[in-house]
Every structure is written in structure tokens, then in C-alpha cells.
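> Input run13.txt, format and content: compact mmCIF, C-alpha atoms.
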# COMPACT_ATOMS: atom_id res chain seq x y z
CA MET N 979 -158.45 1.75 -109.90
CA VAL N 980 -156.58 4.42 -111.84
CA LYS N 981 -154.06 3.13 -114.40
CA LYS N 982 -150.87 4.92 -115.40
CA ASN N 983 -150.13 5.55 -119.07
CA TYR N 984 -153.81 4.88 -119.72
CA ILE N 985 -156.30 7.16 -121.47
CA SER N 986 -160.05 7.35 -120.99
CA ILE N 987 -162.19 8.70 -123.83
CA LEU N 988 -165.40 10.11 -122.35
CA ILE N 989 -168.15 10.52 -124.95
CA THR N 990 -171.43 12.32 -124.27
CA ASN N 991 -174.26 11.59 -126.68
CA TYR N 992 -177.81 12.71 -127.30
CA ASN N 993 -179.50 11.76 -130.58
CA LYS N 994 -176.32 11.69 -132.66
CA GLU N 995 -177.09 8.49 -134.57
CA LYS N 996 -175.97 9.86 -137.94
CA PHE N 997 -172.51 10.64 -136.54
CA LEU N 998 -172.00 7.79 -134.06
CA ASN N 999 -170.64 5.05 -136.31
CA ARG N 1000 -167.74 7.20 -137.47
CA ASN N 1001 -167.30 8.61 -133.96
CA LEU N 1002 -166.99 5.15 -132.38
CA LYS N 1003 -165.12 3.51 -135.25
CA ASN N 1004 -162.37 6.10 -135.06
CA ALA N 1005 -162.29 5.88 -131.27
CA CYS N 1006 -161.91 2.10 -131.45
CA ASN N 1007 -159.16 2.20 -134.10
CA GLN N 1008 -156.60 4.44 -132.41
CA ASN N 1009 -152.94 3.49 -132.88
CA PHE N 1010 -152.49 3.94 -129.12
CA LYS N 1011 -153.35 0.72 -127.29
CA ASN N 1012 -153.84 1.53 -123.60
CA TYR N 1013 -157.21 3.17 -123.43
CA GLU N 1014 -160.91 2.76 -122.77
CA ILE N 1015 -164.06 4.28 -124.25
CA ILE N 1016 -167.01 5.26 -122.09
CA VAL N 1017 -170.20 6.61 -123.64
CA PHE N 1018 -172.90 8.38 -121.62
CA ASP N 1019 -176.16 8.37 -123.55
CA ASP N 1020 -178.55 11.02 -122.27
CA CYS N 1021 -181.98 9.51 -123.01
CA SER N 1022 -181.59 9.45 -126.80
CA THR N 1023 -184.83 8.88 -128.69
CA ASP N 1024 -183.15 7.82 -131.95
CA LYS N 1025 -181.15 4.64 -132.66
CA SER N 1026 -178.05 5.80 -130.78
CA VAL N 1027 -178.14 3.08 -128.11
CA ASN N 1028 -178.45 0.29 -130.67
CA ILE N 1029 -175.46 1.66 -132.56
CA ILE N 1030 -173.33 2.00 -129.42
CA LYS N 1031 -174.08 -1.58 -128.33
CA LYS N 1032 -172.51 -2.91 -131.53
CA TYR N 1033 -169.06 -1.79 -130.36
CA LYS N 1034 -167.63 -4.29 -127.89
CA LYS N 1035 -164.80 -1.99 -126.80
CA VAL N 1036 -167.29 0.61 -125.59
CA SER N 1037 -168.71 0.83 -122.08
CA LEU N 1038 -172.21 2.29 -122.21
CA ILE N 1039 -173.95 4.30 -119.50
CA ILE N 1040 -177.63 4.97 -120.18
CA ASN N 1041 -179.29 7.84 -118.37
CA LYS N 1042 -182.96 6.99 -117.85
CA LEU N 1043 -183.76 9.74 -115.37
CA LYS N 1044 -183.35 12.86 -117.45
CA ASN N 1045 -184.76 16.04 -115.94
CA LYS N 1046 -186.53 17.75 -118.83
CA LYS N 1047 -186.09 21.13 -117.15
CA THR N 1048 -182.31 20.81 -117.12
CA SER N 1049 -180.37 22.56 -119.87
CA GLY N 1050 -178.23 20.98 -122.56
CA PRO N 1051 -174.95 22.30 -121.09
CA LEU N 1052 -175.84 20.99 -117.61
CA ASN N 1053 -176.90 17.62 -119.04
CA GLN N 1054 -173.55 17.36 -120.80
CA ILE N 1055 -171.66 18.18 -117.61
CA ASN N 1056 -173.67 15.55 -115.74
CA GLY N 1057 -172.79 12.99 -118.41
CA ILE N 1058 -169.08 13.74 -118.08
CA ILE N 1059 -169.29 13.51 -114.29
CA GLU N 1060 -170.96 10.08 -114.44
CA SER N 1061 -168.51 8.82 -117.07
CA PHE N 1062 -165.55 10.12 -115.10
CA LYS N 1063 -166.66 8.13 -112.03
CA ARG N 1064 -166.27 4.90 -114.01
CA SER N 1065 -163.07 5.82 -115.83
CA LYS N 1066 -159.61 4.46 -115.03
CA GLY N 1067 -157.30 6.62 -117.12
CA ASN N 1068 -154.77 9.06 -115.73
CA ILE N 1069 -155.42 11.07 -118.92
CA ILE N 1070 -158.93 12.05 -120.02
CA CYS N 1071 -159.95 12.96 -123.58
CA LEU N 1072 -163.41 14.47 -124.01
CA LEU N 1073 -165.42 13.75 -127.14
CA ASP N 1074 -168.86 14.84 -128.31
CA GLY N 1075 -171.04 12.28 -130.06
CA ASP N 1076 -170.94 14.15 -133.38
CA ASP N 1077 -167.16 14.64 -133.58
CA TYR N 1078 -164.36 12.11 -134.10
CA PHE N 1079 -160.65 11.69 -133.50
CA LYS N 1080 -157.84 11.18 -135.99
CA LYS N 1081 -156.20 7.77 -135.69
CA ASN N 1082 -153.12 9.24 -133.96
CA LYS N 1083 -155.00 11.52 -131.53
CA LEU N 1084 -154.35 9.47 -128.37
CA SER N 1085 -150.70 8.77 -129.20
CA GLU N 1086 -150.10 12.49 -129.75
CA ILE N 1087 -151.86 13.43 -126.52
CA ASP N 1088 -149.92 10.78 -124.59
CA ARG N 1089 -146.67 12.06 -126.09
CA TYR N 1090 -147.53 15.64 -125.18
CA PHE N 1091 -148.14 14.82 -121.53
CA GLN N 1092 -145.07 12.57 -121.37
CA ILE N 1093 -142.90 15.48 -122.55
CA ASN N 1094 -144.72 18.27 -120.69
CA LYS N 1095 -144.74 16.89 -117.17
CA LYS N 1096 -146.13 20.07 -115.61
CA SER N 1097 -148.98 20.56 -118.07
CA ASN N 1098 -152.42 19.46 -116.94
CA CYS N 1099 -154.66 20.56 -119.79
CA VAL N 1100 -154.07 20.87 -123.52
CA PHE N 1101 -156.16 21.98 -126.51
CA ASP N 1102 -155.58 20.53 -129.99
CA PHE N 1103 -156.88 22.23 -133.10
CA PRO N 1104 -160.13 21.11 -134.76
CA HIS N 1105 -160.17 20.00 -138.36
CA ILE N 1106 -163.14 21.93 -139.72
CA ASN N 1107 -165.48 20.16 -142.13
CA SER N 1108 -168.17 22.83 -142.16
CA THR N 1109 -168.12 26.43 -143.34
CA GLN N 1110 -170.76 27.13 -140.69
CA PHE N 1111 -168.07 27.07 -137.99
CA LYS N 1112 -164.96 29.15 -138.49
CA PHE N 1113 -162.22 28.79 -135.92
CA LYS N 1114 -159.62 31.51 -135.79
CA LYS N 1115 -157.40 33.02 -133.16
CA LYS N 1116 -158.51 36.32 -131.70
CA ILE N 1117 -156.07 39.13 -132.37
CA THR N 1118 -157.79 41.87 -130.38
CA LYS N 1119 -156.63 42.88 -126.91
CA SER N 1120 -159.96 44.40 -125.99
CA THR N 1121 -161.26 41.24 -124.33
CA ILE N 1122 -160.00 39.01 -121.53
CA TRP N 1123 -161.53 35.89 -123.05
CA PRO N 1124 -159.20 33.31 -124.59
CA VAL N 1125 -160.22 31.34 -127.66
CA ILE N 1126 -162.67 28.63 -126.60
CA PHE N 1127 -161.72 25.28 -128.12
CA PRO N 1128 -164.47 22.72 -128.84
CA THR N 1129 -165.05 20.15 -126.10
CA SER N 1130 -163.66 17.36 -128.30
CA CYS N 1131 -160.33 19.20 -128.52
CA ILE N 1132 -159.77 19.18 -124.76
CA SER N 1133 -157.52 16.64 -123.01
CA VAL N 1134 -156.60 16.75 -119.32
CA ARG N 1135 -154.85 14.92 -116.55
CA ARG N 1136 -157.18 13.09 -114.20
CA ASN N 1137 -156.44 15.17 -111.10
CA PHE N 1138 -157.01 18.35 -113.09
CA LEU N 1139 -160.47 17.21 -114.20
CA LYS N 1140 -161.34 16.13 -110.66
CA ASN N 1141 -160.32 19.53 -109.34
CA PHE N 1142 -162.36 21.20 -112.09
CA LEU N 1143 -165.47 19.13 -111.39
CA ASP N 1144 -165.23 20.01 -107.70
CA ASN N 1145 -165.40 23.67 -108.73
CA VAL N 1146 -167.72 23.46 -111.71
CA ASN N 1147 -170.89 24.73 -109.97
CA LYS N 1148 -172.67 21.96 -111.82
CA LYS N 1149 -176.17 23.09 -110.86
CA ASN N 1150 -175.62 26.71 -111.90
CA PHE N 1151 -175.12 28.61 -115.17
CA SER N 1152 -177.53 26.71 -117.40
CA ASN N 1153 -176.26 28.36 -120.60
CA LEU N 1154 -172.52 27.91 -120.03
CA GLU N 1155 -171.02 24.88 -121.78
CA ILE N 1156 -168.20 22.77 -120.38
CA ASP N 1157 -165.71 23.88 -123.05
CA ALA N 1158 -165.98 27.50 -121.87
CA ARG N 1159 -165.83 26.47 -118.21
CA LEU N 1160 -162.75 24.31 -118.72
CA THR N 1161 -160.98 27.03 -120.68
CA ILE N 1162 -161.73 29.63 -118.00
CA PHE N 1163 -160.70 27.23 -115.25
CA SER N 1164 -157.48 26.26 -117.01
CA LYS N 1165 -156.38 29.80 -117.83
CA PHE N 1166 -157.47 31.69 -114.72
CA TYR N 1167 -157.33 29.01 -112.02
CA ALA N 1168 -154.50 26.72 -113.16
CA ASN N 1169 -152.65 29.46 -115.07
CA GLU N 1170 -152.44 27.19 -118.11
CA TYR N 1171 -153.44 27.78 -121.70
CA ASN N 1172 -151.57 25.05 -123.53
CA ILE N 1173 -152.13 24.59 -127.25
CA LEU N 1174 -150.93 21.59 -129.25
CA ASN N 1175 -150.51 22.97 -132.75
CA LYS N 1176 -151.86 19.88 -134.49
CA LYS N 1177 -155.24 19.10 -136.02
CA LEU N 1178 -156.22 15.91 -134.23
CA THR N 1179 -160.00 16.26 -134.00
CA TYR N 1180 -162.69 16.45 -136.66
CA TYR N 1181 -165.38 18.90 -135.61
CA ASN N 1182 -168.84 18.49 -137.11
CA TYR N 1183 -171.50 21.17 -137.13
CA ASP N 1184 -174.79 19.68 -135.95
CA GLN N 1185 -177.74 21.99 -136.43
CA ASN N 1186 -179.38 20.34 -133.43
CA GLY N 1187 -176.35 20.75 -131.18
CA ILE N 1188 -176.18 22.75 -127.94
CA THR N 1189 -174.69 25.90 -129.47
CA ALA N 1190 -175.93 25.61 -133.06
CA LYS N 1191 -178.91 27.91 -132.63
CA ILE N 1192 -177.16 30.53 -130.52
CA LYS N 1193 -176.48 33.51 -132.75
CA LYS N 1194 -174.04 36.23 -131.77
CA TYR N 1195 -175.72 39.07 -129.84
CA SER N 1196 -178.89 37.04 -129.36
CA LYS N 1197 -180.62 36.89 -125.95
CA ILE N 1198 -179.06 33.52 -125.07
CA TRP N 1199 -175.67 34.76 -126.24
CA TRP N 1200 -175.80 37.65 -123.74
CA LEU N 1201 -177.09 35.38 -120.96
CA ARG N 1202 -174.26 32.94 -121.58
CA ARG N 1203 -171.72 35.76 -121.62
CA SER N 1204 -173.03 37.05 -118.28
CA GLU N 1205 -172.75 33.54 -116.82
CA ALA N 1206 -169.16 33.33 -118.08
CA PHE N 1207 -168.33 36.51 -116.16
CA SER N 1208 -170.03 35.12 -113.03
CA TYR N 1209 -168.12 31.86 -113.34
CA LEU N 1210 -164.88 33.79 -113.85
CA LYS N 1211 -165.54 35.79 -110.67
CA ILE N 1212 -165.95 32.55 -108.71
CA ILE N 1213 -162.68 31.20 -110.12
CA MET N 1214 -160.81 34.43 -109.38
CA ASN N 1215 -162.18 34.47 -105.84
CA LYS N 1216 -161.02 30.90 -105.22
CA LYS N 1217 -157.53 31.89 -106.35
CA LYS N 1218 -157.72 35.14 -104.34
CA LYS N 1219 -157.14 37.17 -107.47
CA ILE N 1220 -158.57 40.59 -108.24
CA PHE N 1221 -161.49 40.56 -110.66
CA ILE N 1222 -161.40 43.56 -113.00
CA TYR N 1223 -164.80 45.19 -113.60
CA SER N 1224 -164.43 46.17 -117.25
CA PHE N 1225 -166.74 48.04 -119.61
CA ASP N 1226 -167.49 44.69 -121.24
CA TYR N 1227 -168.62 43.32 -117.88
CA TYR N 1228 -170.94 46.25 -117.14
CA LEU N 1229 -172.40 46.27 -120.65
CA THR N 1230 -173.02 42.51 -120.57
CA ASN N 1231 -174.76 42.61 -117.22
CA PHE N 1232 -176.83 45.69 -118.09
CA LEU N 1233 -178.14 44.04 -121.26
CA THR N 1234 -178.70 40.77 -119.41
CA PHE N 1235 -180.73 42.65 -116.79
CA LEU N 1236 -182.95 44.11 -119.52
CA ILE N 1237 -183.36 40.70 -121.15
CA LYS N 1238 -184.39 39.04 -117.89
CA LYS N 1239 -186.95 41.77 -117.21
CA LYS N 1240 -188.68 40.92 -120.48
CA ILE N 1241 -188.70 37.18 -119.90
Just dump the structure as C-alpha cells.

Amino acid sequence: MVKKNYISILITNYNKEKFLNRNLKNACNQNFKNYEIIVFDDCSTDKSVNIIKKYKKVSLIINKLKNKKTSGPLNQINGIIESFKRSKGNIICLLDGDDYFKKNKLSEIDRYFQINKKSNCVFDFPHINSTQFKFKKKITKSTIWPVIFPTSCISVRRNFLKNFLDNVNKKNFSNLEIDARLTIFSKFYANEYNILNKKLTYYNYDQNGITAKIKKYSKIWWLRRSEAFSYLKIIMNKKKKIFIYSFDYYLTNFLTFLIKKKI
């Protein structure tokens, strides 16, 4: 049963034991009272599950049927889908196992949605602890892509996330993470790109994370970029909008074609 004025924190975790205590402690100590915490652990081989079980406020879902051939991005999406099925909040805050929220994160998100009745998705700014990740706004007009906020900086209304998950193509695009998909969906499908100009989320750089080893202009980088274009085309088609075939699009797909031929 969905509850009004209630927030669900959905946490996806895989082998994040060194981050989890702070992640869960901060989630449990929010100054907003009406919320739940659901953690989906994706077959962790470290001590993650033991750590999670120590927190009584946390509902734990353990995935024991992991498909080893499935990609990290698709595993994360599956974890969010399973967590969402059990959630009760009319507002959903996503959180990766290696990041953590400021104490006032939920109260600020609740306030934002209370004031902005027509908004369905909002991105708050990450507080950066690592020089290995530099977040800055793009100033060039040569690309259609908006700034992609980290997953842990994304908060949505329940119906918005349900609509997104119905259109996520969850078995396709193995290199395209949920943060990019949600940003594309929000901007080009829902016509929303709402930014809350507050640093409410601590972002940690994990060298074993999904995107940590993807260097710019690497093979996987081009494959992911091509998948982003394909996903965008699907979204534009659903909205009956015209997809513009840019030089960027042709270059990306040409290089991706060459990469796939060598694989």
C-alpha cells in the first residue's frame, strides 16, 4: 500500500562493505521521520550482508540467483526494480551502496516536491570527496546531452519511476547505467530537467564501481554512448518527436561499428 508524504530509500549494493556502515547510518539518522530503507544486495561476496543485518530499520532483499553474464548496469536496474516492488513511498530516493546522504536530504527532497507540485524528478548536487571525479556543468552547445547526475542524486515521484521502469528496456543496453537512462527519460520524455541547487549527497569514488574503469574515448565509452543514442531514439519515438541525426550520432555509431567488428 502506497503511503502519502512517505519516502522510500532504495539502495543497491554489491561488495561495498567498506562504505556500508556510513551509508546506512546516515540513511537511518535522517531528520525526516516518514520513510523506509530497502537494500537490494546483489550476491555480495564480502561482509555486506552481515553489516546490513545489524540495522533494524533496513529491509534487506538478497539476490541469490545472479546471472553472471548480466552486466553491472543491468544488475543495478534489476535491483531497483525488485526494491521498488516492495516500497511504499510516494517519493523514491535512489542511493548506491558506496554513497551517503546528508542528514537533511529527505526533508529537503520532501520540501521540494511539496512546493513544486508539477515536478516529478529532481537532481541534487553531489558533495565530492574525491579528486578522481569532477562534476561540472557543461557549457558547450555542441551536444544534446544534459549533465548526468550520479544515481544517488536522483529523487522521483513514484508514478514517474513506474512509468520509467515500464520504458527502461531492462534487458537491453548492457553498458548504459540507470542514471543516464533516468536523465534521458526525464529530459526528453517528461520534458523535465529539475535541479535542486543544494549539495545533499556525498559521492564516493569506488575503483571497483560500475563506471570507475571506463575511460573517456575507450571502447566501452563509445559502446555506452551508442547505446545512449539508441535509448534516446526509443524515447523520442514514444513521444512522437523527431530524432535529429547529428554528426555526433554518425561518428559514434561508425566507431562503434568498427569496435564491434574487432570484438
> Determine the nearest neighbour of Ile1132 of chain N from the options N:Leu1072, N:Leu1002, N:Ile1030, N:Leu1229, counting all atoms listed in the file.
N:Leu1072
> In terms of the shortest atom-to-atom distance over only C-alpha atoms, which of N:Arg1136, N:Lys1080, N:Lys1148, N:Lys982 is closest to Gln1054 of chain N?
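With only C-alpha atoms as the atom set, the closest residue is N:Lys1148.
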> What's around Asp1157 of chain N at 7 Å? Count only C-alpha atoms, leave out sequence neighbours fewer than 2 positions away in its own chain, and write the answer as a ChimeraX atom specification.
/N:1126-1129,1155,1159-1161
> Using all atoms listed in the file, which protein or nucleic acid residues come within 10 Å of Gln1008 of chain N? Drop anything in the same chain fewer than 3 positions from it, and give the result as a ChimeraX atom specification.
/N:1003-1005,1011-1013,1079-1085
> Skip Ala1206 of chain N itself and residues of its chain fewer than 5 positions away, then list as a list in words all residues within 9 Å of it, counting all atoms listed in the file.
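Neighbouring residues, sequence-local ones excluded: Phe1151, Leu1154, Ala1158, Arg1159, Ile1162, Leu1201 and Lys1211 of chain N.
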> Take the residues from that selection and write them out as a PDB file, in the frame of the given file, keeping C-alpha atoms.

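Saved as result-v9.pdb:
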ATOM      1  CA  PHE N1151    -175.120  28.610-115.170  1.00  0.00           C
ATOM      2  CA  LEU N1154    -172.520  27.910-120.030  1.00  0.00           C
ATOM      3  CA  ALA N1158    -165.980  27.500-121.870  1.00  0.00           C
ATOM      4  CA  ARG N1159    -165.830  26.470-118.210  1.00  0.00           C
ATOM      5  CA  ILE N1162    -161.730  29.630-118.000  1.00  0.00           C
ATOM      6  CA  LEU N1201    -177.090  35.380-120.960  1.00  0.00           C
ATOM      7  CA  LYS N1211    -165.540  35.790-110.670  1.00  0.00           C
TER       8      LYS N1211
END
> Using all atoms listed in the file, pick whichever of N:Ile1213, N:Leu1233, N:Ile1222, N:Met979 has the shortest atom-to-atom distance to Arg1064 of chain N.
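Once distances to Arg1064 of chain N are computed over all atoms listed in the file, the minimum belongs to N:Met979.
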> Separation of atom CA of Trp1199 of chain N and atom CA of Asp1226 of chain N, in Å?
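Answer for the atom CA of Trp1199 of chain N to atom CA of Asp1226 of chain N separation: 13.8 Å.
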> Between N:Ile1015, N:Leu988, N:Cys1099, N:Ile1198, which is the closest to Ile1173 of chain N once you count only C-alpha atoms?
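Checking each candidate against Ile1173 of chain N, we get N:Cys1099 as the closest.
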> Which residue is closest to Pro1051 of chain N? Choose from N:Ile1220, N:Ile1212, N:Val1146, N:Ile1122 and count all atoms listed in the file.
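For Pro1051 of chain N, the nearest of the given residues is N:Val1146.
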> Show which residues sit within 8 Å of Lys1025 of chain N, as a ChimeraX atom specification. Count only C-alpha atoms, and ignore same-chain residues fewer than 3 positions away.
/N:993,995,1022,1028-1029
> Taking all atoms listed in the file into account, which of N:Asn1182, N:Ser1204, N:Asn999, N:Asn1145 comes nearest Lys1216 of chain N?
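Among the listed residues, N:Asn1145 lies closest to Lys1216 of chain N.
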> What does the distance between atom CA of Phe1142 of chain N and atom CA of Ile985 of chain N come to in Å, to one decimal place?
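Rounded to one decimal, the two atoms are 17.9 Å apart.
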> Within 6 Å of (-169.1, 7.8, -121.9) (file coordinates; all atoms listed in the file), which protein or nucleic acid residues are there? I'd like them as number ranges by chain.
N: 988-990, 1016-1018, 1061
> Pick out the residues sitting within 7 Å of His1105 of chain N, and hand them over as a count of residues only; count only C-alpha atoms, and ignore anything fewer than 5 positions along from it in its own chain.
4
> Atom CA of Tyr1078 of chain N to atom CA of Pro1124 of chain N: how many Å, to one decimal?
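If I compute the distance from atom CA of Tyr1078 of chain N to atom CA of Pro1124 of chain N, I get 23.8 Å.
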